[in-house]
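File shown: target.cif. Contents: mmCIF, C-alpha atoms.
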data_data
#
loop_
_atom_site.label_atom_id
_atom_site.label_comp_id
_atom_site.auth_asym_id
_atom_site.auth_seq_id
_atom_site.Cartn_x
_atom_site.Cartn_y
_atom_site.Cartn_z
CA MET A 1 157.30 -194.15 -70.66
CA GLN A 2 158.54 -195.15 -67.25
CA ARG A 3 161.85 -196.78 -66.50
CA ARG A 4 162.91 -198.86 -63.54
CA THR A 5 166.03 -200.76 -62.63
CA ARG A 6 166.07 -204.49 -62.08
CA PRO A 7 169.04 -205.98 -60.23
CA GLY A 8 171.64 -207.20 -62.69
CA SER A 9 169.81 -205.91 -65.75
CA GLY A 10 170.53 -202.19 -65.77
CA ALA A 11 167.78 -199.80 -66.84
CA LEU A 12 164.76 -201.77 -68.03
CA MET A 13 162.14 -199.97 -70.07
CA ARG A 14 158.46 -200.10 -69.28
CA LEU A 15 156.10 -198.76 -71.92
CA LEU A 16 152.64 -197.30 -71.45
CA LEU A 17 150.25 -198.90 -73.93
CA SER A 18 147.20 -196.87 -72.90
CA TYR A 19 146.18 -193.46 -74.17
CA PRO A 20 145.06 -190.85 -71.63
CA LEU A 21 141.26 -190.87 -71.59
CA THR A 22 139.84 -187.38 -72.03
CA CYS A 23 136.54 -185.91 -73.18
CA ALA A 24 138.27 -185.24 -76.53
CA SER A 25 139.39 -188.86 -77.08
CA PRO A 26 138.15 -190.36 -80.37
CA LEU A 27 135.32 -192.86 -79.91
CA TYR A 28 133.81 -195.58 -82.06
CA PRO A 29 130.76 -194.08 -83.83
CA GLY A 30 127.67 -194.33 -81.63
CA THR A 31 129.63 -194.45 -78.35
CA PRO A 32 128.22 -191.95 -75.82
CA PRO A 33 130.64 -189.07 -75.19
CA CYS A 34 132.60 -188.84 -71.97
CA ARG A 35 131.47 -186.17 -69.52
CA VAL A 36 132.90 -184.72 -66.31
CA GLU A 37 130.48 -182.81 -64.08
CA GLU A 38 131.72 -180.99 -61.01
CA ASN A 39 129.08 -181.54 -58.35
CA ARG A 40 130.89 -179.98 -55.37
CA SER A 41 133.40 -177.13 -55.47
CA LEU A 42 135.69 -175.38 -53.03
CA GLU A 43 135.22 -172.21 -55.09
CA ARG A 44 131.46 -172.38 -54.42
CA GLY A 45 131.99 -172.79 -50.70
CA ASP A 46 131.75 -176.59 -50.45
CA SER A 47 134.08 -178.48 -48.10
CA ALA A 48 135.72 -180.31 -51.03
CA THR A 49 135.73 -180.50 -54.82
CA THR A 50 134.24 -183.69 -56.30
CA SER A 51 133.17 -184.70 -59.79
CA ILE A 52 130.80 -187.14 -61.46
CA LEU A 53 132.27 -189.08 -64.38
CA SER A 54 130.16 -190.44 -67.23
CA LEU A 55 131.91 -192.68 -69.74
CA SER A 56 131.30 -195.72 -71.89
CA SER A 57 132.80 -199.04 -70.85
CA HIS A 58 134.40 -199.03 -74.32
CA ALA A 59 135.96 -195.55 -74.30
CA GLY A 60 139.68 -195.04 -74.86
CA THR A 61 142.12 -197.91 -74.44
CA HIS A 62 139.85 -200.67 -73.14
CA LEU A 63 139.29 -204.38 -72.77
CA ASP A 64 136.34 -206.25 -74.28
CA PHE A 65 135.07 -209.22 -72.28
CA PRO A 66 132.85 -212.05 -73.60
CA ARG A 67 129.76 -210.48 -72.02
CA HIS A 68 130.10 -207.70 -74.65
CA PHE A 69 128.81 -210.01 -77.42
CA CYS A 70 127.91 -213.33 -75.76
CA ALA A 71 124.77 -213.87 -73.68
CA GLY A 72 125.87 -215.14 -70.27
CA GLY A 73 129.53 -214.61 -71.22
CA ALA A 74 132.34 -213.99 -68.75
CA ASP A 75 132.83 -210.44 -67.50
CA LEU A 76 135.45 -208.34 -65.78
CA MET A 77 135.25 -210.13 -62.43
CA ASP A 78 135.42 -213.57 -64.07
CA LEU A 79 138.53 -212.88 -66.12
CA ILE A 80 140.78 -210.09 -64.99
CA SER A 81 141.82 -211.57 -61.62
CA SER A 82 143.53 -214.45 -63.43
CA GLU A 83 144.76 -212.41 -66.40
CA GLU A 84 146.11 -209.24 -64.79
CA ILE A 85 149.63 -210.15 -65.96
CA ILE A 86 149.84 -211.62 -69.47
CA ALA A 87 153.03 -213.16 -70.87
CA PRO A 88 154.50 -213.80 -73.31
CA VAL A 89 153.02 -211.15 -75.58
CA TYR A 90 154.26 -210.50 -79.12
CA CYS A 91 153.63 -207.37 -81.18
CA ARG A 92 153.66 -207.78 -84.96
CA ASP A 93 153.58 -205.25 -87.80
CA ILE A 94 150.77 -205.79 -90.32
CA PRO A 95 150.60 -202.50 -92.26
CA VAL A 96 147.12 -201.88 -93.69
CA ASP A 97 146.10 -198.75 -95.56
CA GLY A 98 142.79 -197.01 -94.95
CA GLY A 99 139.79 -199.19 -94.21
CA GLY A 100 141.22 -202.49 -95.46
CA PRO A 101 141.02 -205.81 -93.62
CA VAL A 102 143.63 -207.67 -91.60
CA THR A 103 143.21 -211.08 -93.20
CA PRO A 104 143.79 -214.59 -91.84
CA SER A 105 146.78 -215.11 -94.13
CA MET A 106 148.39 -211.88 -92.92
CA VAL A 107 147.96 -212.94 -89.31
CA ALA A 108 149.17 -216.50 -89.93
CA GLU A 109 152.41 -215.17 -91.42
CA ALA A 110 152.85 -212.57 -88.68
CA VAL A 111 152.51 -214.97 -85.73
CA GLU A 112 154.97 -217.52 -87.08
CA GLY A 113 157.26 -218.46 -84.19
CA ALA A 114 154.79 -217.16 -81.58
CA GLY A 115 152.98 -220.39 -80.80
CA ASP A 116 153.46 -219.92 -77.05
CA ALA A 117 151.80 -216.50 -77.05
CA ARG A 118 149.22 -215.59 -74.46
CA GLY A 119 148.89 -212.19 -76.09
CA ILE A 120 149.20 -210.94 -79.68
CA LEU A 121 149.25 -207.23 -80.57
CA ILE A 122 148.80 -206.11 -84.18
CA ARG A 123 150.37 -202.84 -85.30
CA THR A 124 148.58 -201.70 -88.48
CA GLY A 125 149.85 -198.11 -88.45
CA SER A 126 146.41 -196.73 -87.59
CA PHE A 127 147.89 -195.09 -84.49
CA ARG A 128 149.32 -192.36 -86.75
CA ASP A 129 145.81 -191.06 -87.42
CA ARG A 130 144.69 -190.88 -83.80
CA SER A 131 145.87 -187.34 -83.09
CA ARG A 132 146.17 -186.01 -86.65
CA HIS A 133 142.93 -187.35 -88.14
CA PRO A 134 140.71 -188.50 -85.25
CA ASP A 135 137.56 -188.81 -87.37
CA ARG A 136 139.34 -191.09 -89.84
CA TYR A 137 140.82 -193.02 -86.94
CA ALA A 138 137.29 -193.64 -85.64
CA ARG A 139 135.53 -194.36 -88.95
CA GLU A 140 137.93 -195.54 -91.67
CA HIS A 141 140.48 -197.72 -89.92
CA PRO A 142 141.72 -201.27 -90.64
CA TRP A 143 139.47 -204.05 -89.36
CA ILE A 144 139.91 -207.69 -88.39
CA HIS A 145 138.48 -210.37 -90.68
CA PRO A 146 136.03 -212.70 -88.84
CA ASP A 147 138.14 -215.77 -89.67
CA VAL A 148 141.18 -214.42 -87.80
CA PRO A 149 140.11 -215.71 -84.34
CA GLY A 150 139.95 -219.31 -85.62
CA VAL A 151 143.40 -219.03 -87.18
CA LEU A 152 144.83 -217.65 -83.96
CA ARG A 153 143.33 -220.40 -81.82
CA ARG A 154 144.92 -222.98 -84.10
CA LEU A 155 148.36 -221.35 -84.26
CA CYS A 156 148.47 -219.90 -80.72
CA PRO A 157 146.47 -222.32 -78.54
CA HIS A 158 147.33 -220.50 -75.30
CA LEU A 159 146.13 -217.10 -76.55
CA ARG A 160 144.01 -215.09 -74.11
CA LEU A 161 144.45 -211.51 -75.40
CA PHE A 162 144.38 -209.93 -78.86
CA GLY A 163 145.06 -206.20 -79.25
CA THR A 164 145.22 -203.66 -82.05
CA ASP A 165 146.24 -200.05 -82.59
CA THR A 166 142.78 -199.43 -84.10
CA ILE A 167 139.83 -198.01 -82.19
CA SER A 168 138.09 -201.38 -82.61
CA VAL A 169 138.49 -204.70 -84.39
CA ALA A 170 135.29 -203.62 -86.17
CA THR A 171 134.66 -200.72 -88.53
CA PRO A 172 131.41 -198.87 -89.29
CA LEU A 173 132.03 -199.64 -92.98
CA HIS A 174 131.69 -203.41 -92.37
CA ARG A 175 129.42 -203.75 -89.35
CA GLU A 176 128.34 -207.37 -89.81
CA ALA A 177 131.93 -208.53 -90.26
CA GLY A 178 132.84 -206.56 -87.15
CA ARG A 179 130.15 -208.23 -85.08
CA ALA A 180 131.25 -211.63 -86.36
CA ALA A 181 134.88 -210.87 -85.46
CA HIS A 182 133.88 -209.83 -81.93
CA ARG A 183 131.88 -213.02 -81.48
CA GLY A 184 134.74 -215.07 -82.90
CA PHE A 185 137.16 -213.75 -80.30
CA LEU A 186 134.85 -213.41 -77.31
CA CYS A 187 132.38 -216.28 -77.69
CA GLY A 188 134.77 -219.02 -78.84
CA SER A 189 136.57 -221.46 -76.60
CA PRO A 190 138.78 -220.42 -75.03
CA ALA A 191 137.61 -216.79 -74.94
CA ILE A 192 140.13 -214.23 -76.18
CA MET A 193 139.84 -210.79 -74.59
CA LEU A 194 140.20 -207.80 -76.90
CA LEU A 195 142.44 -204.80 -76.22
CA GLU A 196 141.26 -201.99 -78.48
CA ASP A 197 142.56 -198.45 -79.09
CA ALA A 198 145.95 -199.53 -77.76
CA ASN A 199 148.98 -197.27 -78.01
CA LEU A 200 151.39 -199.35 -80.10
CA ALA A 201 153.35 -196.45 -81.58
CA ASP A 202 156.71 -197.48 -80.10
CA VAL A 203 158.49 -199.69 -82.63
CA ARG A 204 160.40 -201.42 -79.82
CA LEU A 205 157.24 -203.37 -79.08
CA THR A 206 157.97 -205.48 -82.16
CA GLU A 207 161.30 -206.61 -80.70
CA GLY A 208 161.07 -209.86 -78.75
CA ALA A 209 158.54 -210.93 -76.13
CA TRP A 210 156.75 -208.72 -73.61
CA ARG A 211 154.96 -208.98 -70.32
CA LEU A 212 151.79 -206.87 -69.95
CA TRP A 213 150.29 -205.58 -66.74
CA CYS A 214 146.58 -204.77 -67.14
CA TYR A 215 144.96 -202.53 -64.52
CA PRO A 216 141.26 -201.98 -65.23
CA LEU A 217 138.83 -199.88 -63.31
CA VAL A 218 137.40 -202.68 -61.18
CA TYR A 219 133.61 -202.67 -61.21
CA GLU A 220 131.45 -205.76 -61.09
CA ARG A 221 129.71 -207.47 -64.01
CA LEU A 222 131.02 -205.24 -66.81
CA ASP A 223 131.21 -206.15 -70.52
CA GLY A 224 134.31 -204.01 -71.03
CA ILE A 225 136.34 -201.36 -69.22
CA PRO A 226 138.97 -198.67 -69.84
CA VAL A 227 142.32 -200.08 -68.77
CA LEU A 228 145.84 -198.99 -67.91
CA VAL A 229 148.30 -201.29 -69.71
CA LEU A 230 152.04 -201.38 -69.10
CA GLY A 231 154.48 -203.46 -71.08
CA GLU A 232 157.94 -204.68 -70.12
CA PRO A 233 160.28 -206.75 -72.26
CA ILE A 234 160.94 -210.31 -71.19
CA GLU A 235 164.66 -210.99 -70.98
#
Output the file's structure as structure tokens, nothing else.
Amino acid sequence: MQRRTRPGSGALMRLLLSYPLTCASPLYPGTPPCRVEENRSLERGDSATTSILSLSSHAGTHLDFPRHFCAGGADLMDLISSEEIIAPVYCRDIPVDGGGPVTPSMVAEAVEGAGDARGILIRTGSFRDRSRHPDRYAREHPWIHPDVPGVLRRLCPHLRLFGTDTISVATPLHREAGRAAHRGFLCGSPAIMLLEDANLADVRLTEGAWRLWCYPLVYERLDGIPVLVLGEPIE
């Protein structure tokens, strides 16, 4: 967590909502592993040390863009320039055990009073498994019911971002429902970007409204991308 001072406000917290991306990070089943290959080395007599990175566009804390599931859908370059800063964002607790669903009724109750939201983050508690039980975190986590996107568009008409503390809104145990949920968020109008594998462990996120800064690796025409996300409370 980083802190900075704003004039007249004292110390204002800024939270990091991204996990460090390493070759040991848990990945959704079927995602190619991350690799780092050193192609030049000072120790071998080269003039500099450089590396080649190989990683999925959906590794670690990442954004999903419509192109991920929608033919001809918007991509990184279409969306992120206008959505780099997202506010207000509300984080809500919806505890779900094991591989159960986050249902439309759960979400409807949780977002009460958040009709102006441009971002909604759902804290299921799955984050507790990420370091202790990474395989369970990747394979047996809560998932988002396909009817949730429609409910959110009705209750939060300005919504542009939906995030969870799960590795994905989909689970390998319910693949068809997961694909439908992705299409519901990404292919509907307006499109709702997905923030998956987000670090929502800090309970202070559930207090009040937040402003998110999203800094993706900028590369053209991508369907998704690892992203650095910082959150700051809105006074």
Tell me, counting only C-alpha atoms, for each residue of region 120-145 of chain A within 9 Å of region 19-38 of chain A, which pair of atoms is nearest and how far apart they are in Å to one decimal, in rows ordered by chain and increasing number, as a Markdown table.
| residue | atom | partner | partner_atom | distance |
| --- | --- | --- | --- | --- |
| A:Arg130 | CA | A:Pro26 | CA | 7.4 |
| A:Ser131 | CA | A:Pro26 | CA | 8.7 |
| A:Pro134 | CA | A:Pro26 | CA | 5.8 |
| A:Asp135 | CA | A:Pro26 | CA | 7.2 |
| A:Tyr137 | CA | A:Pro26 | CA | 7.6 |
| A:Ala138 | CA | A:Tyr28 | CA | 5.4 |
| A:Arg139 | CA | A:Pro29 | CA | 7.0 |
For this session: Just give me the residues with any atom within 12 Å of (144.8, -200.7, -96.5), file coordinates, counting only C-alpha atoms, written as JSON, numbers by chain.
Result: {"A": [94, 95, 96, 97, 98, 99, 100, 101, 102, 103, 124, 125, 126, 140, 141, 142, 143, 144]}
For this session: Give as a VMD selection string the residues that the PyMOL selection byres ((chain A and resi 180) around 12) matches when applied to the coordinates above.
Result: chain A and resid 69 to 70 143 to 150 169 to 171 174 to 179 181 to 188
Write out, as a PDB file, in the frame of the given file, the residues just selected, with C-alpha atoms.
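Below you can see selection-v1.pdb, which holds the result:
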ATOM      1  CA  PHE A  69     128.810-210.010 -77.420  1.00  0.00           C
ATOM      2  CA  CYS A  70     127.910-213.330 -75.760  1.00  0.00           C
ATOM      3  CA  TRP A 143     139.470-204.050 -89.360  1.00  0.00           C
ATOM      4  CA  ILE A 144     139.910-207.690 -88.390  1.00  0.00           C
ATOM      5  CA  HIS A 145     138.480-210.370 -90.680  1.00  0.00           C
ATOM      6  CA  PRO A 146     136.030-212.700 -88.840  1.00  0.00           C
ATOM      7  CA  ASP A 147     138.140-215.770 -89.670  1.00  0.00           C
ATOM      8  CA  VAL A 148     141.180-214.420 -87.800  1.00  0.00           C
ATOM      9  CA  PRO A 149     140.110-215.710 -84.340  1.00  0.00           C
ATOM     10  CA  GLY A 150     139.950-219.310 -85.620  1.00  0.00           C
ATOM     11  CA  VAL A 169     138.490-204.700 -84.390  1.00  0.00           C
ATOM     12  CA  ALA A 170     135.290-203.620 -86.170  1.00  0.00           C
ATOM     13  CA  THR A 171     134.660-200.720 -88.530  1.00  0.00           C
ATOM     14  CA  HIS A 174     131.690-203.410 -92.370  1.00  0.00           C
ATOM     15  CA  ARG A 175     129.420-203.750 -89.350  1.00  0.00           C
ATOM     16  CA  GLU A 176     128.340-207.370 -89.810  1.00  0.00           C
ATOM     17  CA  ALA A 177     131.930-208.530 -90.260  1.00  0.00           C
ATOM     18  CA  GLY A 178     132.840-206.560 -87.150  1.00  0.00           C
ATOM     19  CA  ARG A 179     130.150-208.230 -85.080  1.00  0.00           C
ATOM     20  CA  ALA A 181     134.880-210.870 -85.460  1.00  0.00           C
ATOM     21  CA  HIS A 182     133.880-209.830 -81.930  1.00  0.00           C
ATOM     22  CA  ARG A 183     131.880-213.020 -81.480  1.00  0.00           C
ATOM     23  CA  GLY A 184     134.740-215.070 -82.900  1.00  0.00           C
ATOM     24  CA  PHE A 185     137.160-213.750 -80.300  1.00  0.00           C
ATOM     25  CA  LEU A 186     134.850-213.410 -77.310  1.00  0.00           C
ATOM     26  CA  CYS A 187     132.380-216.280 -77.690  1.00  0.00           C
ATOM     27  CA  GLY A 188     134.770-219.020 -78.840  1.00  0.00           C
TER      28      GLY A 188
END
Taking the file as shown, what set of residues would the PyMOL selection byres ((chain A and resi 205) around 10) give back, as a PDB file with C-alpha atoms, in the coordinates of the input?
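Below is the file part.pdb, written as the result:
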ATOM      1  CA  LEU A  15     156.100-198.760 -71.920  1.00  0.00           C
ATOM      2  CA  LEU A  17     150.250-198.900 -73.930  1.00  0.00           C
ATOM      3  CA  VAL A  89     153.020-211.150 -75.580  1.00  0.00           C
ATOM      4  CA  TYR A  90     154.260-210.500 -79.120  1.00  0.00           C
ATOM      5  CA  CYS A  91     153.630-207.370 -81.180  1.00  0.00           C
ATOM      6  CA  ARG A  92     153.660-207.780 -84.960  1.00  0.00           C
ATOM      7  CA  ASP A  93     153.580-205.250 -87.800  1.00  0.00           C
ATOM      8  CA  LEU A 121     149.250-207.230 -80.570  1.00  0.00           C
ATOM      9  CA  ARG A 123     150.370-202.840 -85.300  1.00  0.00           C
ATOM     10  CA  LEU A 200     151.390-199.350 -80.100  1.00  0.00           C
ATOM     11  CA  ALA A 201     153.350-196.450 -81.580  1.00  0.00           C
ATOM     12  CA  ASP A 202     156.710-197.480 -80.100  1.00  0.00           C
ATOM     13  CA  VAL A 203     158.490-199.690 -82.630  1.00  0.00           C
ATOM     14  CA  ARG A 204     160.400-201.420 -79.820  1.00  0.00           C
ATOM     15  CA  THR A 206     157.970-205.480 -82.160  1.00  0.00           C
ATOM     16  CA  GLU A 207     161.300-206.610 -80.700  1.00  0.00           C
ATOM     17  CA  GLY A 208     161.070-209.860 -78.750  1.00  0.00           C
ATOM     18  CA  ALA A 209     158.540-210.930 -76.130  1.00  0.00           C
ATOM     19  CA  TRP A 210     156.750-208.720 -73.610  1.00  0.00           C
ATOM     20  CA  GLY A 231     154.480-203.460 -71.080  1.00  0.00           C
ATOM     21  CA  GLU A 232     157.940-204.680 -70.120  1.00  0.00           C
ATOM     22  CA  PRO A 233     160.280-206.750 -72.260  1.00  0.00           C
TER      23      PRO A 233
END
Problem set entry | Between CA of Met106 (chain A) and CA of Leu195 (chain A), distance in Å (one decimal) |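 About the pair CA of Met106 (chain A) and CA of Leu195 (chain A): they are 19.1 Å apart.
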Exercise. Pick from A:Ala117, A:Leu53, A:Met77, A:Ala191: nearest to Gly224 (chain A), with all atoms listed in the file counted?
Worked result: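 Closest candidate: A:Met77.
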For this session: Specify as a list in words each residue included when the PyMOL selection byres ((chain A and resi 108) around 10) is applied to this file.
Result: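 After applying the PyMOL selection byres ((chain A and resi 108) around 10), what remains is Thr103, Pro104, Ser105, Met106, Val107, Glu109, Ala110, Val111, Glu112, Val148, Val151, Leu152, Arg154, Leu155 and Cys156 of chain A.
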For this session: State, in Å with one decimal place, the distance from CA of Leu76 (chain A) to CA of Leu230 (chain A).
Result: 18.3 Å
For this session: Between A:Glu235, A:Asp223, A:Asp46, A:Asp165, single out the one closest to Ile122 (chain A), counting all atoms listed in the file.
Result: A:Asp165
Problem set entry | Spatial neighbours of His58 (chain A), 7 Å, only C-alpha atoms, chain gap at least 4 places, as a ChimeraX atom specification | /A:62,224-226
For this session: Can you pull out every residue within 12 Å of Arg221 (chain A), counting all atoms listed in the file, but drop anything in the same chain fewer than 3 positions away, and send it as a ChimeraX atom specification?
Result: /A:57,65-68,72-80,217-218,224-225
Neighbour list for Pro88 (chain A) as a compact mmCIF listing (two decimals) with C-alpha atoms, in the frame of the given file, cut-off 9 Å, only C-alpha atoms, skip fewer than 6 positions in-chain:
# COMPACT_ATOMS: atom_id res chain seq x y z
CA ALA A 114 154.79 -217.16 -81.58
CA ASP A 116 153.46 -219.92 -77.05
CA ALA A 117 151.80 -216.50 -77.05
CA ARG A 118 149.22 -215.59 -74.46
CA GLY A 119 148.89 -212.19 -76.09
CA ILE A 120 149.20 -210.94 -79.68
CA ALA A 209 158.54 -210.93 -76.13
CA TRP A 210 156.75 -208.72 -73.61
CA ARG A 211 154.96 -208.98 -70.32
CA LEU A 212 151.79 -206.87 -69.95
CA ILE A 234 160.94 -210.31 -71.19
Exercise. CA of Trp213 (chain A) to CA of Ala71 (chain A): how many Å, to one decimal?
Worked result: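 That distance, rounded to one decimal, is 27.7 Å.
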For this session: Compare A:Leu42, A:Asp197, A:Gly115, A:His133 by their minimum atom-to-atom distance to Pro157 (chain A), counting only C-alpha atoms, and give me the closest one.
Result: A:Gly115
Working from the structure I just supplied, which lacks atoms in region 107-126 of chain A, can you model N, CA and C atoms there and output them as a PDB file, keeping the file's coordinate frame?
ATOM      1  N   VAL A 107     147.737-212.617 -90.709  1.00  0.00           N
ATOM      2  CA  VAL A 107     147.960-212.940 -89.310  1.00  0.00           C
ATOM      3  C   VAL A 107     148.769-214.232 -89.179  1.00  0.00           C
ATOM      4  N   ALA A 108     148.446-215.226 -89.993  1.00  0.00           N
ATOM      5  CA  ALA A 108     149.170-216.500 -89.930  1.00  0.00           C
ATOM      6  C   ALA A 108     150.659-216.286 -90.173  1.00  0.00           C
ATOM      7  N   GLU A 109     150.995-215.457 -91.141  1.00  0.00           N
ATOM      8  CA  GLU A 109     152.410-215.170 -91.420  1.00  0.00           C
ATOM      9  C   GLU A 109     153.039-214.384 -90.279  1.00  0.00           C
ATOM     10  N   ALA A 110     152.288-213.437 -89.714  1.00  0.00           N
ATOM     11  CA  ALA A 110     152.850-212.570 -88.680  1.00  0.00           C
ATOM     12  C   ALA A 110     153.136-213.302 -87.374  1.00  0.00           C
ATOM     13  N   VAL A 111     152.327-214.304 -87.036  1.00  0.00           N
ATOM     14  CA  VAL A 111     152.510-214.970 -85.730  1.00  0.00           C
ATOM     15  C   VAL A 111     153.404-216.202 -85.822  1.00  0.00           C
ATOM     16  N   GLU A 112     154.040-216.394 -86.969  1.00  0.00           N
ATOM     17  CA  GLU A 112     154.970-217.520 -87.080  1.00  0.00           C
ATOM     18  C   GLU A 112     156.042-217.403 -85.991  1.00  0.00           C
ATOM     19  N   GLY A 113     156.283-218.478 -85.271  1.00  0.00           N
ATOM     20  CA  GLY A 113     157.260-218.460 -84.190  1.00  0.00           C
ATOM     21  C   GLY A 113     156.711-217.967 -82.864  1.00  0.00           C
ATOM     22  N   ALA A 114     155.395-217.668 -82.808  1.00  0.00           N
ATOM     23  CA  ALA A 114     154.790-217.160 -81.580  1.00  0.00           C
ATOM     24  C   ALA A 114     153.739-218.118 -81.044  1.00  0.00           C
ATOM     25  N   GLY A 115     153.958-219.400 -81.209  1.00  0.00           N
ATOM     26  CA  GLY A 115     152.980-220.390 -80.800  1.00  0.00           C
ATOM     27  C   GLY A 115     152.722-220.446 -79.311  1.00  0.00           C
ATOM     28  N   ASP A 116     153.654-219.913 -78.500  1.00  0.00           N
ATOM     29  CA  ASP A 116     153.460-219.920 -77.050  1.00  0.00           C
ATOM     30  C   ASP A 116     152.768-218.666 -76.540  1.00  0.00           C
ATOM     31  N   ALA A 117     152.333-217.804 -77.437  1.00  0.00           N
ATOM     32  CA  ALA A 117     151.800-216.500 -77.050  1.00  0.00           C
ATOM     33  C   ALA A 117     150.531-216.615 -76.221  1.00  0.00           C
ATOM     34  N   ARG A 118     150.469-215.813 -75.169  1.00  0.00           N
ATOM     35  CA  ARG A 118     149.220-215.590 -74.460  1.00  0.00           C
ATOM     36  C   ARG A 118     148.603-214.266 -74.870  1.00  0.00           C
ATOM     37  N   GLY A 119     149.394-213.454 -75.559  1.00  0.00           N
ATOM     38  CA  GLY A 119     148.890-212.190 -76.090  1.00  0.00           C
ATOM     39  C   GLY A 119     149.524-211.886 -77.433  1.00  0.00           C
ATOM     40  N   ILE A 120     148.713-211.405 -78.382  1.00  0.00           N
ATOM     41  CA  ILE A 120     149.200-210.940 -79.680  1.00  0.00           C
ATOM     42  C   ILE A 120     148.691-209.522 -79.895  1.00  0.00           C
ATOM     43  N   LEU A 121     149.593-208.609 -80.247  1.00  0.00           N
ATOM     44  CA  LEU A 121     149.250-207.230 -80.570  1.00  0.00           C
ATOM     45  C   LEU A 121     149.561-206.995 -82.042  1.00  0.00           C
ATOM     46  N   ILE A 122     148.631-206.379 -82.756  1.00  0.00           N
ATOM     47  CA  ILE A 122     148.800-206.110 -84.180  1.00  0.00           C
ATOM     48  C   ILE A 122     148.939-204.605 -84.403  1.00  0.00           C
ATOM     49  N   ARG A 123     150.020-204.240 -85.056  1.00  0.00           N
ATOM     50  CA  ARG A 123     150.370-202.840 -85.300  1.00  0.00           C
ATOM     51  C   ARG A 123     150.120-202.538 -86.785  1.00  0.00           C
ATOM     52  N   THR A 124     148.952-201.966 -87.083  1.00  0.00           N
ATOM     53  CA  THR A 124     148.580-201.700 -88.480  1.00  0.00           C
ATOM     54  C   THR A 124     149.115-200.373 -88.998  1.00  0.00           C
ATOM     55  N   GLY A 125     149.473-199.471 -88.083  1.00  0.00           N
ATOM     56  CA  GLY A 125     149.850-198.110 -88.450  1.00  0.00           C
ATOM     57  C   GLY A 125     148.722-197.125 -88.230  1.00  0.00           C
ATOM     58  N   SER A 126     147.552-197.605 -87.820  1.00  0.00           N
ATOM     59  CA  SER A 126     146.410-196.730 -87.590  1.00  0.00           C
ATOM     60  C   SER A 126     146.685-195.695 -86.503  1.00  0.00           C
TER      61      SER A 126
END
